[in-house]
Amino acid sequence: MLRYILRRLAWSVPTLLLVTFLVYLALRIGTDPVESYKRVNPRASRAKIQQYIDINGLDPNFVQGYFKWLKNFITGEWAPSIKGRREVWPALKDAMANTLRLGTAATVVGIFFGLIAGVLAALRPGGRRDVFINTSAFVGISIPPFISAILLQLLFAVYWQRWFGESLFPTSGVYPAGHSGFDLFLMLKFMALPTIIVAIQIIATYSRYMRSSLLDVMNSDYMRTARSKGISERRILIKHGMRNALIPVVTIAALDVGSIVGGLIITENIFAYPGMGLYFLKSFGDGDFPLLMPWMVVIVASILLFNLIADISYAWLDPRIRLE
Amino acid sequence: MAFRRFVSHKAAVVSCIIIGILALFVILAPFTARYGVNQSVQAPPNSFLSPRSNAWLGTDDIGRDLYSRLIYGVRVSLLIGLASALISVTLGALVGAVAGFRGGKFDDILMRVTDLFLAFPFLVTLLVVRNVLGGLPWLKPLTGEMNSVRFIIVLFSIFGWMGVARIVRGQVLSLKEREFVEAARAVGASRRYIIARHLLPNSVGPIMVALTFSVVGAIIGESTLAFFGYGPQAGDGATSLGILVGAAKGAVQTGFWWLAVFPCFMLIIIALSINFIGDALRDATDPRLDRGV
């Protein structure tokens, strides 16, 4: 097991390098960093531009440039953002913390309710409850998050204010303007709507996974054996059914980070929530290469990490699976 | 048999009717729309009128009829959805069939590339690929301007084929071990013949399903792009569902609910209906799939 993990970790380094190289290429071609620098700083001297090119590894030769960028990235010589010359790391760190908070809240809420809905649906397949849960999940998956965001904002923030004098949930930011310090209640209130919107998608997805996984397990031979031994239905469901049905769901959950981050990006933008998504869209709009590359590295690394977690948890949870 | 199974899926039948009516409305746009796409309903003041008799769904910021603009917008969006789905499914089916049949390096590389694309957050890949496409000057004759409808269609074709290729590859992998393929090989049929005559026709079910889901994917994708300001800028005030949904964002805070509600519901109805049709097609064409009901 340990050897497997170490080997996977060793492999993820070249993967990370290859993918960041592809991202570097794509950003070089797609956003033209030097041009964007000149556009944002029209009065930059030639020396300034050359310095910008050097520190970001924006040589005309892509391969050389990439390694130059890599060297500066690893040694911690990060260029400041092209707009306002901000330090990149503090901005990235704040964005990560905010997104982690929103993402964790949405994932916990989403998976919790999703699993419950899935189990409820699978207990009586074909029943009225099953049809209801299945159809709602289908509708939930079909509605893109920005649509539900618009509609919920309109209802709970704008029209609630008109009808009842005060909006139920605020629509933007983490705290009201001018607020400083930590306030849990206020933060929860501000996070409620974005969390719900991301969680809807997760609930819909996971109730379907859980339902089909549990149905598979319920029809398996060992469940019949357990029943014939006279174990109570409740105990069968929890000890035998749930435990085995959760194995594929855990794996899928770990592989799903990409799509959860995707939902977060969209939602953050709509609610002006200062996380990774807003960070990305802003810096992408400006063509801000020094901000974008570290963001991409973080995303790629976390996707690789969660892939690894998926594989390990799979083997760890299911003793029938032997790695190697 | 497959048809009977499809018809027994009630939601899908209703969806077919809805999509049919929508298609009819959209094709006959010059007759069904009450105003031109760029025409205001009355002399000023005409902006942000709430729904009333001369503008059933209200008007937008410069007094244009939302009902007529929705019809024209859905027209463009359906075109984008259908065109890019057809291209990407054709491409994906061919690549997937060849990869599944031949296996080896080509197959490995294909799977790695699709893994990479699917692991990334959708919007990030979409935006980056969009800019790369626009940044390659030699692609210009194919893609046109970056904010044209043609560019969007090319973009979603490039995006869509990977999912289809995966599905078809999986199907072909299981089909190619079957007896009838072996028999064809035994009588000396060429690879191309086996793919074209045996493998692809037998994958028609999954391909059809993939086609419907690609249509939805492209329509929602176009709306997402437009919502974030990277969508088509259809000239001369022409519009798309995405542009209308994008305008809805601005209408939320000001409380012009009709500008937000109607385009959003239109998108939901289209997405749901096509998804239901795809779901029923999957059930109908795959008899092994007994979904425990």
# chains A, B, ... in the order shown; residues from 1 in each chain; ligands from 1
call {"tool": "residues_around", "arguments": {"residues": "Ala204 of chain A", "least_positions_apart": "2", "cutoff": "10 Å", "atoms": "only C-alpha atoms", "output": "JSON, numbers by chain"}}
result
{"A": [110, 111, 113, 114, 115, 117, 118, 133, 134, 135, 136, 137, 138, 139, 140, 141, 142, 199, 200, 201, 202, 206, 207, 208, 209]}
call {"tool": "closest_atom_pairs", "arguments": {"of": "chain A", "to": "chain B", "cutoff": "7 Å", "atoms": "only C-alpha atoms", "output": "JSON lines"}}
result
{"residue": "A:Ala26", "atom": "CA", "partner": "B:Val132", "partner_atom": "CA", "distance": 5.9}
{"residue": "A:Ile29", "atom": "CA", "partner": "B:Val132", "partner_atom": "CA", "distance": 5.5}
{"residue": "A:Gly30", "atom": "CA", "partner": "B:Val132", "partner_atom": "CA", "distance": 4.0}
{"residue": "A:Thr31", "atom": "CA", "partner": "B:Asn131", "partner_atom": "CA", "distance": 6.6}
{"residue": "A:Pro125", "atom": "CA", "partner": "B:Val293", "partner_atom": "CA", "distance": 5.8}
{"residue": "A:Gly126", "atom": "CA", "partner": "B:Val293", "partner_atom": "CA", "distance": 4.7}
{"residue": "A:Val139", "atom": "CA", "partner": "B:Leu272", "partner_atom": "CA", "distance": 6.6}
{"residue": "A:Ser142", "atom": "CA", "partner": "B:Leu272", "partner_atom": "CA", "distance": 5.7}
{"residue": "A:Ile143", "atom": "CA", "partner": "B:Ile268", "partner_atom": "CA", "distance": 5.8}
{"residue": "A:Ile147", "atom": "CA", "partner": "B:Cys264", "partner_atom": "CA", "distance": 5.9}
{"residue": "A:Ile150", "atom": "CA", "partner": "B:Lys249", "partner_atom": "CA", "distance": 6.6}
{"residue": "A:Leu151", "atom": "CA", "partner": "B:Val261", "partner_atom": "CA", "distance": 6.9}
{"residue": "A:Leu154", "atom": "CA", "partner": "B:Val252", "partner_atom": "CA", "distance": 5.5}
{"residue": "A:Val158", "atom": "CA", "partner": "B:Gln253", "partner_atom": "CA", "distance": 6.3}
{"residue": "A:Gly258", "atom": "CA", "partner": "B:Pro121", "partner_atom": "CA", "distance": 4.7}
{"residue": "A:Ser259", "atom": "CA", "partner": "B:Pro121", "partner_atom": "CA", "distance": 5.4}
{"residue": "A:Val261", "atom": "CA", "partner": "B:Pro121", "partner_atom": "CA", "distance": 6.0}
{"residue": "A:Gly262", "atom": "CA", "partner": "B:Pro121", "partner_atom": "CA", "distance": 4.4}
call {"tool": "select_by_dssp", "arguments": {"residues": "segment 10-226 of chain A", "states": "helix (DSSP H, G or I)", "output": "MDAnalysis selection string"}}
result
chainID A and resid 10:31 33:40 46:56 62:74 88:123 128:142 145:164 184:218 221:226
call {"tool": "closest_residue", "arguments": {"among": "A:Ala105, A:Ile53, A:Ala47, A:Ile252", "to": "Gly65 of chain A", "atoms": "only C-alpha atoms"}}
result
A:Ile53
call {"tool": "residues_around", "arguments": {"residues": "Pro294 of chain A", "least_positions_apart": "3", "cutoff": "9 Å", "atoms": "only C-alpha atoms", "output": "ChimeraX atom specification"}}
result
/A:73,78,88-89,92,289-291,297-299
call {"tool": "closest_residue", "arguments": {"among": "B:Ala165, B:Ala12, B:Met146, B:Ala29", "to": "Asp115 of chain B", "atoms": "only C-alpha atoms"}}
result
B:Ala165
call {"tool": "closest_residue", "arguments": {"among": "A:Ser232, A:Thr99, A:Ser36, A:Thr251", "to": "Gly277 of chain A", "atoms": "only C-alpha atoms"}}
result
A:Thr99
call {"tool": "closest_residue", "arguments": {"among": "B:Pro30, B:Gly92, B:Gly36, B:Gly58", "to": "Trp258 of chain B", "atoms": "only C-alpha atoms"}}
result
B:Gly58
call {"tool": "residues_around", "arguments": {"residues": "Val209 of chain B", "least_positions_apart": "2", "cutoff": "9 Å", "atoms": "only C-alpha atoms", "output": "VMD selection string"}}
result
chain B and resid 204 to 207 211 to 214 277 to 282 285
call {"tool": "write_last_selection", "arguments": {"atoms": "C-alpha atoms", "output": "short mmCIF file (atom, residue, chain, number, x, y, z; two decimals), in the first residue's frame"}}
result
data_model
loop_
_atom_site.label_atom_id
_atom_site.label_comp_id
_atom_site.auth_asym_id
_atom_site.auth_seq_id
_atom_site.Cartn_x
_atom_site.Cartn_y
_atom_site.Cartn_z
CA VAL B 204 -26.66 3.74 -32.81
CA GLY B 205 -28.53 3.78 -29.49
CA PRO B 206 -25.74 5.31 -27.40
CA ILE B 207 -24.86 7.66 -30.27
CA LEU B 211 -26.52 13.47 -29.61
CA THR B 212 -29.41 14.68 -27.47
CA PHE B 213 -27.15 15.38 -24.50
CA SER B 214 -24.71 17.24 -26.76
CA ILE B 277 -35.91 12.76 -24.43
CA GLY B 278 -32.32 11.58 -24.08
CA ASP B 279 -33.16 9.66 -20.93
CA ALA B 280 -36.07 7.91 -22.61
CA LEU B 281 -33.94 7.14 -25.66
CA ARG B 282 -31.38 5.52 -23.41
CA THR B 285 -32.43 1.57 -26.97
#
call {"tool": "residues_around", "arguments": {"residues": "Lys48 of chain A", "least_positions_apart": "5", "cutoff": "12 Å", "atoms": "only C-alpha atoms", "output": "compact mmCIF listing (two decimals) with N, CA and C atoms, in the first residue's frame"}}
result
# COMPACT_ATOMS: atom_id res chain seq x y z
N VAL A 34 2.22 39.29 -22.91
CA VAL A 34 2.99 40.51 -23.11
C VAL A 34 2.09 41.63 -23.60
N TYR A 37 0.04 42.97 -20.85
CA TYR A 37 0.82 43.84 -19.97
C TYR A 37 0.91 45.24 -20.55
N LYS A 38 1.18 45.29 -21.86
CA LYS A 38 1.29 46.61 -22.50
C LYS A 38 -0.05 47.33 -22.51
N ASN A 41 -0.59 48.50 -18.85
CA ASN A 41 0.39 49.53 -18.49
C ASN A 41 0.92 50.20 -19.76
N PRO A 42 0.14 51.07 -20.35
CA PRO A 42 0.54 51.62 -21.66
C PRO A 42 1.82 52.45 -21.60
N ARG A 43 2.17 52.95 -20.41
CA ARG A 43 3.35 53.81 -20.38
C ARG A 43 4.58 53.11 -19.81
N ILE A 53 8.92 40.21 -18.90
CA ILE A 53 9.11 39.02 -19.72
C ILE A 53 10.06 38.03 -19.05
N ASP A 54 11.14 38.57 -18.45
CA ASP A 54 12.14 37.70 -17.84
C ASP A 54 11.58 36.94 -16.67
N ILE A 55 10.93 37.65 -15.78
CA ILE A 55 10.52 37.00 -14.54
C ILE A 55 9.39 36.00 -14.78
N ILE A 82 -0.22 42.19 -13.09
CA ILE A 82 0.02 43.28 -14.02
C ILE A 82 -0.86 44.48 -13.70
